[in-house]
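Asks: Dropping in coords-v5.txt, with compact mmCIF, C-alpha atoms.
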```
# COMPACT_ATOMS: atom_id res chain seq x y z
CA MET A 195 -14.69 -18.42 1.60
CA SER A 196 -16.24 -17.02 4.76
CA THR A 197 -17.26 -13.49 5.65
CA PRO A 198 -14.23 -11.57 6.93
CA LYS A 199 -13.67 -10.49 10.50
CA VAL A 200 -13.11 -6.74 10.72
CA LEU A 201 -10.10 -6.02 12.94
CA MET A 202 -9.79 -2.27 12.45
CA GLU A 203 -11.76 0.53 10.83
CA GLY A 204 -11.11 4.23 10.29
CA VAL A 205 -7.91 3.67 8.32
CA VAL A 206 -7.28 6.53 5.91
CA PHE A 207 -5.27 4.63 3.28
CA GLY A 208 -3.93 1.24 4.38
CA GLU A 209 -1.18 -0.61 2.53
CA SER A 210 1.85 -2.90 2.92
CA PRO A 211 0.67 -5.37 5.61
CA ARG A 212 3.35 -7.60 7.13
CA TRP A 213 3.06 -10.44 9.66
CA HIS A 214 5.70 -9.85 12.34
CA ASP A 215 5.96 -10.89 15.99
CA GLY A 216 2.44 -12.34 15.98
CA ARG A 217 0.86 -9.10 14.74
CA VAL A 218 -0.16 -7.46 11.50
CA TRP A 219 1.96 -4.38 10.84
CA PHE A 220 0.80 -2.05 8.09
CA SER A 221 1.18 1.49 6.80
CA ASP A 222 -1.65 3.99 6.93
CA TRP A 223 -0.37 6.16 4.10
CA GLY A 224 -3.11 8.72 4.60
CA ALA A 225 -2.23 9.20 8.27
CA ASN A 226 1.56 8.86 7.71
CA GLN A 227 1.69 6.09 10.31
CA VAL A 228 3.03 2.56 10.68
CA ILE A 229 0.63 0.59 12.89
CA ALA A 230 1.02 -2.72 14.73
CA LEU A 231 -2.35 -4.48 14.97
CA ASP A 232 -3.13 -7.44 17.23
CA THR A 233 -5.57 -10.10 16.13
CA ASP A 234 -7.98 -8.97 18.87
CA GLY A 235 -8.19 -5.54 17.23
CA THR A 236 -6.00 -3.58 19.62
CA HIS A 237 -3.34 -1.50 17.92
CA ARG A 238 -0.62 1.06 18.43
CA VAL A 239 1.17 3.57 16.24
CA VAL A 240 4.82 2.51 15.97
CA VAL A 241 6.25 5.39 13.94
CA THR A 242 5.13 8.43 11.96
CA VAL A 243 6.76 9.24 8.62
CA PRO A 244 5.38 12.09 6.46
CA SER A 245 5.61 10.22 3.16
CA PHE A 246 3.33 8.79 0.51
CA PRO A 247 3.69 6.00 -0.34
CA MET A 248 5.61 4.32 2.46
CA CYS A 249 5.84 0.55 2.34
CA ILE A 250 7.52 -1.50 5.08
CA ASP A 251 9.40 -4.70 5.85
CA PHE A 252 11.80 -6.02 8.48
CA LEU A 253 15.48 -6.85 8.62
CA PRO A 254 16.35 -10.33 9.94
CA ASP A 255 17.17 -8.83 13.36
CA GLY A 256 13.66 -7.33 13.57
CA ARG A 257 14.44 -3.70 12.78
CA LEU A 258 11.79 -1.99 10.69
CA LEU A 259 12.57 -0.56 7.24
CA VAL A 260 10.32 2.17 5.82
CA VAL A 261 10.28 3.40 2.23
CA ASP A 262 10.24 7.19 2.53
CA SER A 263 9.13 7.88 -1.01
CA ALA A 264 8.81 11.64 -0.56
CA GLN A 265 12.53 11.89 0.29
CA ARG A 266 13.63 9.06 -2.05
CA ARG A 267 15.28 7.09 0.73
CA LEU A 268 14.98 4.02 2.91
CA LEU A 269 14.69 4.55 6.67
CA ARG A 270 15.60 2.15 9.47
CA ARG A 271 14.05 2.13 12.94
CA GLU A 272 16.63 1.48 15.61
CA PRO A 273 15.92 -0.41 18.88
CA ASP A 274 15.58 2.89 20.76
CA GLY A 275 12.82 3.98 18.35
CA SER A 276 14.88 6.50 16.42
CA LEU A 277 14.79 6.65 12.61
CA VAL A 278 18.01 6.76 10.61
CA GLN A 279 18.71 6.69 6.88
CA HIS A 280 19.40 3.17 5.69
CA ALA A 281 19.93 4.03 2.01
CA ASP A 282 19.67 6.91 -0.44
CA LEU A 283 17.54 5.98 -3.47
CA SER A 284 17.54 9.35 -5.21
CA GLY A 285 20.53 8.56 -7.39
CA VAL A 286 18.57 5.84 -9.19
CA SER A 287 15.17 7.49 -9.66
CA GLU A 288 13.31 10.60 -8.58
CA LYS A 289 9.98 8.93 -9.33
CA PRO A 290 7.83 7.42 -6.55
CA TRP A 291 9.40 4.47 -4.75
CA ASN A 292 6.90 1.79 -3.87
CA ASP A 293 7.14 -1.70 -2.40
CA ILE A 294 9.88 -3.51 -0.49
CA VAL A 295 10.76 -7.07 0.52
CA VAL A 296 13.79 -8.12 2.57
CA ASP A 297 15.49 -11.51 2.27
CA ASP A 298 16.99 -13.63 5.05
CA ARG A 299 20.43 -12.08 4.44
CA GLY A 300 19.17 -8.53 4.99
CA ASN A 301 19.13 -7.57 1.31
CA ALA A 302 16.19 -5.28 0.57
CA TYR A 303 14.53 -5.30 -2.84
CA VAL A 304 12.77 -1.99 -3.51
CA ASN A 305 10.86 -0.97 -6.62
CA THR A 306 9.85 2.31 -8.22
CA ILE A 307 6.87 2.59 -10.55
CA GLY A 308 8.88 4.87 -12.84
CA PHE A 309 6.34 7.65 -13.36
CA ASP A 310 4.19 10.09 -11.41
CA PHE A 311 0.96 8.43 -10.33
CA PRO A 312 -1.80 9.33 -10.83
CA GLY A 313 -1.78 11.67 -13.76
CA GLY A 314 1.74 11.19 -15.08
CA GLU A 315 2.62 9.68 -18.43
CA PHE A 316 3.41 5.98 -18.10
CA ALA A 317 7.04 4.90 -18.01
CA PRO A 318 8.46 1.51 -16.98
CA GLY A 319 9.59 0.86 -13.42
CA LEU A 320 12.56 -0.95 -11.94
CA ILE A 321 13.90 -2.87 -8.94
CA VAL A 322 17.01 -2.12 -6.91
CA LEU A 323 18.91 -4.13 -4.32
CA VAL A 324 19.86 -2.39 -1.07
CA THR A 325 22.55 -4.30 0.84
CA PRO A 326 22.60 -4.48 4.66
CA GLU A 327 25.27 -1.77 4.54
CA GLY A 328 22.98 0.53 2.54
CA HIS A 329 24.63 0.22 -0.89
CA VAL A 330 22.17 0.51 -3.80
CA ARG A 331 22.34 -1.06 -7.23
CA GLN A 332 19.77 -1.47 -9.97
CA LEU A 333 18.89 -5.05 -10.86
CA ALA A 334 15.85 -5.11 -13.15
CA GLY A 335 13.85 -2.75 -15.33
CA ASP A 336 11.07 -2.53 -17.91
CA LEU A 337 8.34 -3.38 -15.38
CA ALA A 338 4.77 -2.21 -15.97
CA PHE A 339 3.92 -0.58 -12.61
CA PRO A 340 5.79 -2.91 -10.24
CA ASN A 341 3.84 -3.37 -7.05
CA GLY A 342 3.89 -6.10 -4.38
CA MET A 343 6.88 -8.45 -4.12
CA ALA A 344 7.50 -11.76 -2.37
CA ILE A 345 10.46 -14.13 -1.96
CA SER A 346 9.97 -17.90 -2.01
CA PRO A 347 10.60 -19.89 1.18
CA ASP A 348 13.88 -21.30 -0.18
CA GLY A 349 15.08 -17.78 -1.00
CA THR A 350 15.73 -18.52 -4.69
CA THR A 351 12.82 -16.72 -6.40
CA LEU A 352 11.49 -13.16 -6.33
CA VAL A 353 7.92 -12.64 -7.55
CA VAL A 354 6.72 -9.14 -8.42
CA ALA A 355 3.21 -7.99 -9.33
CA GLU A 356 3.13 -5.99 -12.57
CA SER A 357 -0.17 -4.17 -12.10
CA TYR A 358 -0.32 -2.67 -15.60
CA ALA A 359 0.66 -5.94 -17.31
CA ASN A 360 -1.91 -8.16 -15.52
CA ARG A 361 0.68 -10.67 -14.40
CA LEU A 362 3.04 -11.91 -11.74
CA THR A 363 6.66 -11.94 -12.91
CA ALA A 364 9.44 -14.06 -11.39
CA TYR A 365 13.23 -13.82 -11.22
CA ASP A 366 15.88 -16.21 -9.97
CA ILE A 367 17.85 -14.74 -7.05
CA GLY A 368 21.60 -15.30 -7.36
CA SER A 369 24.08 -15.91 -4.56
CA ASP A 370 25.03 -12.21 -4.72
CA GLY A 371 21.39 -11.09 -4.64
CA ALA A 372 21.26 -10.34 -8.37
CA LEU A 373 18.12 -11.14 -10.38
CA GLY A 374 18.09 -13.28 -13.52
CA ASP A 375 15.96 -15.54 -15.73
CA ARG A 376 12.96 -13.23 -15.89
CA ARG A 377 9.75 -15.11 -16.69
CA VAL A 378 5.98 -14.96 -16.29
CA TRP A 379 5.00 -16.69 -13.06
CA ALA A 380 1.25 -16.33 -13.62
CA GLU A 381 -0.99 -14.34 -15.94
CA THR A 382 -3.89 -12.57 -14.21
CA PRO A 383 -5.94 -11.63 -17.30
CA ASP A 384 -8.84 -9.80 -15.65
CA ASP A 385 -6.97 -8.54 -12.57
CA HIS A 386 -4.40 -5.88 -11.80
CA PRO A 387 -2.39 -7.47 -8.96
CA ASP A 388 -1.29 -5.09 -6.21
CA GLY A 389 0.13 -6.32 -2.89
CA ILE A 390 1.10 -10.01 -2.70
CA CYS A 391 2.25 -12.72 -0.31
CA MET A 392 3.26 -16.37 -0.62
CA ASP A 393 2.05 -19.39 1.35
CA ALA A 394 3.58 -22.65 2.54
CA GLU A 395 2.13 -24.55 -0.42
CA GLY A 396 3.92 -22.33 -2.93
CA ALA A 397 0.85 -20.36 -3.98
CA VAL A 398 0.67 -16.56 -4.18
CA TRP A 399 -2.17 -14.43 -2.89
CA TYR A 400 -2.62 -11.09 -4.66
CA ALA A 401 -4.95 -8.18 -3.94
CA ASP A 402 -6.92 -6.42 -6.68
CA VAL A 403 -8.36 -2.96 -6.09
CA GLY A 404 -10.81 -2.66 -8.98
CA ASN A 405 -12.29 -6.15 -8.63
CA GLN A 406 -12.46 -5.86 -4.82
CA HIS A 407 -11.01 -9.28 -4.09
CA CYS A 408 -7.90 -11.29 -3.34
CA ALA A 409 -7.02 -14.35 -5.39
CA ARG A 410 -4.79 -17.31 -4.60
CA VAL A 411 -2.96 -18.63 -7.66
CA ARG A 412 -0.55 -21.41 -8.44
CA GLU A 413 2.50 -20.90 -10.66
CA GLY A 414 1.14 -21.07 -14.19
CA GLY A 415 -2.01 -19.13 -13.32
CA GLU A 416 -4.51 -21.65 -11.91
CA VAL A 417 -6.83 -19.83 -9.48
CA LEU A 418 -7.19 -21.84 -6.28
CA ASP A 419 -9.27 -19.52 -4.06
CA THR A 420 -10.76 -16.05 -3.98
CA VAL A 421 -12.08 -13.85 -1.17
CA ASP A 422 -14.38 -10.90 -1.83
CA LEU A 423 -14.48 -7.51 -0.15
CA ASP A 424 -17.00 -4.68 -0.36
CA ARG A 425 -14.22 -2.21 -1.23
CA GLY A 426 -10.88 -2.23 -3.03
CA ALA A 427 -8.34 -4.80 -1.82
CA PHE A 428 -4.90 -3.17 -1.83
CA ALA A 429 -2.59 -5.72 -0.20
CA CYS A 430 -2.59 -8.88 1.90
CA THR A 431 -0.43 -10.93 4.23
CA LEU A 432 -0.65 -14.35 5.91
CA SER A 433 -0.12 -15.40 9.50
CA ARG A 434 2.27 -18.21 10.35
CA GLY A 435 1.67 -21.40 12.32
CA ASP A 436 -1.62 -23.12 13.13
CA ASP A 437 -4.98 -21.55 12.28
CA PRO A 438 -3.69 -19.46 9.36
CA HIS A 439 -5.48 -16.28 8.31
CA LEU A 440 -5.24 -13.92 5.37
CA PHE A 441 -5.19 -10.27 6.44
CA VAL A 442 -6.31 -7.73 3.85
CA VAL A 443 -6.13 -3.94 3.88
CA GLY A 444 -8.76 -2.29 1.76
CA GLN A 445 -10.63 0.93 1.22
CA THR A 446 -12.95 2.65 -1.22
CA TRP A 447 -10.93 3.93 -4.18
CA GLY A 448 -12.04 7.13 -5.86
CA GLY A 449 -15.09 7.64 -3.67
CA PRO A 450 -16.06 10.42 -1.23
CA GLU A 451 -13.19 11.42 1.03
CA SER A 452 -15.26 12.87 3.88
CA GLN A 453 -14.92 9.71 5.97
CA PRO A 454 -11.99 7.25 6.06
CA SER A 455 -13.12 4.00 4.47
CA GLY A 456 -10.07 1.86 5.22
CA GLN A 457 -10.31 -1.46 7.01
CA VAL A 458 -8.10 -4.38 7.99
CA VAL A 459 -10.00 -7.67 7.75
CA ALA A 460 -9.12 -11.32 8.30
CA PHE A 461 -10.21 -14.45 6.42
CA PRO A 462 -9.42 -18.08 7.33
CA ALA A 463 -6.75 -19.32 4.93
CA PRO A 464 -5.93 -22.80 3.59
CA ALA A 465 -2.20 -22.51 4.31
CA PRO A 466 0.04 -20.29 6.45
CA GLY A 467 2.45 -17.73 5.11
CA ALA A 468 5.98 -18.66 4.05
CA GLY A 469 9.00 -16.95 2.58
CA ARG A 470 9.24 -13.17 2.74
CA PRO A 471 7.63 -10.85 3.65
```
What would you get if you wrote out this structure as structure tokens?
Replies:
Amino acid sequence: MSTPKVLMEGVVFGESPRWHDGRVWFSDWGANQVIALDTDGTHRVVVTVPSFPMCIDFLPDGRLLVVDSAQRRLLRREPDGSLVQHADLSGVSEKPWNDIVVDDRGNAYVNTIGFDFPGGEFAPGLIVLVTPEGHVRQLAGDLAFPNGMAISPDGTTLVVAESYANRLTAYDIGSDGALGDRRVWAETPDDHPDGICMDAEGAVWYADVGNQHCARVREGGEVLDTVDLDRGAFACTLSRGDDPHLFVVGQTWGGPESQPSGQVVAFPAPAPGAGRP
């Protein structure tokens, strides 16, 4: 596919992009900021949260949810801009909390990798459900570094990237939000999928840091498209409507830290985003 358009540079550590209100919202973990980025490159800092990591998504009414991993909680941004606690996650795990996706009913699925990264001894991660009222219950476990998550357009399937297992794993979503019928959605033999999103044709895009690309795969594992970056691809999201684009946040991983290497770039995409996030 074509050479990407660079929308923003100077990002310290970008992650968790979301398409919302005609903009790309993402977290700059290194700067402790959530940023709203227009497609013309203009941007503004929406909120500052001193946490790492801190992934984001939106409730159906548009309020922002932020994973405050440092404090093991989920924050909610109110219409007046204030931050309040949406849920306490510390009772389930004290290990780093990671990605989040919210369904059309306001249920938030949040995962923890289950061990201290980097440097900690590996342990399996898990997924919890946070209700709109802030109640937390564990749904799934034994995940090898759970990372990006997406919900199908019909709301019946949750797909999670297992970075250490080189695969995308799927669950059926029950009427009460519970997860069942765990299965392999797609093997990614040479890739470690990180952030993901789903498109209107039922395919999943996933980002891969080490291989510096994003891949579009069909259920079963057929690779439909790839886009290459000149640095690690950490996560991606798709615009909606006509003229769809894939937005990717990436940066150099493990290189010199004297200068921020993070970028947000855009590629033309074959299909718009669908489902959640």
Asks: Within 10 Å of Ser357 of chain A, counting only C-alpha atoms, which residues show up once you throw out same-chain ones fewer than 3 positions away? Write them as number ranges by chain, please.
Replies: A: 307, 337-342, 354, 360-362, 382, 385-389, 402
Asks: Can you pull out every residue within 8 Å of Arg238 of chain A, counting only C-alpha atoms, but drop anything in the same chain fewer than 3 positions away, and send it as a PyMOL selection string?
Replies: chain A and resi 229-231
Asks: Could you name the residues that touch Thr197 of chain A at 12 Å or less, counting all atoms listed in the file, but leaving out those on the same chain fewer than 5 positions away, as a VMD selection string?
Replies: chain A and resid 420 to 424 459 to 462
Asks: Grab the residues selected above and save them as a PDB file, in the coordinates of the input with C-alpha atoms.
Replies:
```
ATOM      1  CA  THR A 420     -10.760 -16.050  -3.980  1.00  0.00           C
ATOM      2  CA  VAL A 421     -12.080 -13.850  -1.170  1.00  0.00           C
ATOM      3  CA  ASP A 422     -14.380 -10.900  -1.830  1.00  0.00           C
ATOM      4  CA  LEU A 423     -14.480  -7.510  -0.150  1.00  0.00           C
ATOM      5  CA  ASP A 424     -17.000  -4.680  -0.360  1.00  0.00           C
ATOM      6  CA  VAL A 459     -10.000  -7.670   7.750  1.00  0.00           C
ATOM      7  CA  ALA A 460      -9.120 -11.320   8.300  1.00  0.00           C
ATOM      8  CA  PHE A 461     -10.210 -14.450   6.420  1.00  0.00           C
ATOM      9  CA  PRO A 462      -9.420 -18.080   7.330  1.00  0.00           C
TER      10      PRO A 462
END
```
Asks: Using all atoms listed in the file, which of A:Leu352, A:Val296, A:Val261, A:Val218 sits nearest Leu432 of chain A?
Replies: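 The answer is A:Val218, which sits nearest to Leu432 of chain A.
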Asks: Kindly give the distance, in Å, that separates atom CA of Phe316 of chain A and atom CA of Gly224 of chain A, rounded to a single decimal.
Replies: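 Taking atom CA of Phe316 of chain A as the start and atom CA of Gly224 of chain A as the end point, the length is 23.8 Å.
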Asks: Between atom CA of Gly216 of chain A and atom CA of His237 of chain A, what distance in Å does the model show, to one decimal?
Replies: 12.4 Å
Asks: Could you check how far atom CA of Asn301 of chain A sits from atom CA of Gly371 of chain A, in Å to one decimal?
Replies: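 Interatomic distance here is 7.3 Å.
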Asks: Please determine, counting only C-alpha atoms, which residue among A:Pro254, A:Gly469, A:Gly308, A:Gly235 has the shortest atom-to-atom distance to Ile390 of chain A.
Replies: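 So, comparing all the options, the nearest one is A:Gly469.
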Asks: Identify, on the basis of all atoms listed in the file, every residue whose closest approach to Trp379 of chain A does not exceed 6 Å; exclude the query and any residue fewer than 3 positions from it along the same chain; express the result as a count of residues only.
Replies: 5
Asks: May I have the residues within 10 Å of Gly256 of chain A as a compact mmCIF listing (two decimals) with C-alpha atoms, in the frame of the given file, using all atoms listed in the file and disregarding those fewer than 2 positions away in the same chain?
Replies:
```txt
# COMPACT_ATOMS: atom_id res chain seq x y z
CA HIS A 214 5.70 -9.85 12.34
CA ASP A 215 5.96 -10.89 15.99
CA ASP A 251 9.40 -4.70 5.85
CA PHE A 252 11.80 -6.02 8.48
CA LEU A 253 15.48 -6.85 8.62
CA PRO A 254 16.35 -10.33 9.94
CA LEU A 258 11.79 -1.99 10.69
CA LEU A 259 12.57 -0.56 7.24
CA ARG A 271 14.05 2.13 12.94
CA GLU A 272 16.63 1.48 15.61
CA PRO A 273 15.92 -0.41 18.88
```
Asks: Which residue out of A:His280, A:Lys199, A:Cys249, A:Ala317 has the minimum interatomic distance to Val304 of chain A when all atoms listed in the file are used?
Replies: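 Distance minimum relative to Val304 of chain A lands on A:Cys249.
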Asks: Restricting the calculation to only C-alpha atoms: of A:Arg434, A:Phe441, A:Lys289, A:Arg412, which residue gets closest to Pro312 of chain A?
Replies: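 Answer, going by the shortest atom-to-atom distance: A:Lys289.
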Asks: Dump as a list in words all residues having an atom at most 7 Å from (18.3, -2.0, -10.5), computed in the file's coordinates with all atoms listed in the file.
Replies: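 The distance filter leaves exactly Leu320, Ile321, Val322, Leu323, Arg331, Gln332, Leu333, Ala334 and Gly335 of chain A.
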Asks: For segment 347-350 of chain A, I'd like the enclosing box, axis-aligned and padded by 3 Å on every side, reported as AutoDock Vina command-line options with centre and edge lengths in Å to one decimal.
Replies:
```
--center_x 13.2 --center_y -19.5 --center_z -1.8 --size_x 11.1 --size_y 9.5 --size_z 11.9
```
Asks: So which one's closest to Gly396 of chain A, A:Asp222, A:Asp348, A:Asp297, A:Asp437? Using only C-alpha atoms, please.
Replies: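 Of A:Asp222, A:Asp348, A:Asp297, A:Asp437, the one nearest Gly396 of chain A, counting only C-alpha atoms, is A:Asp348.
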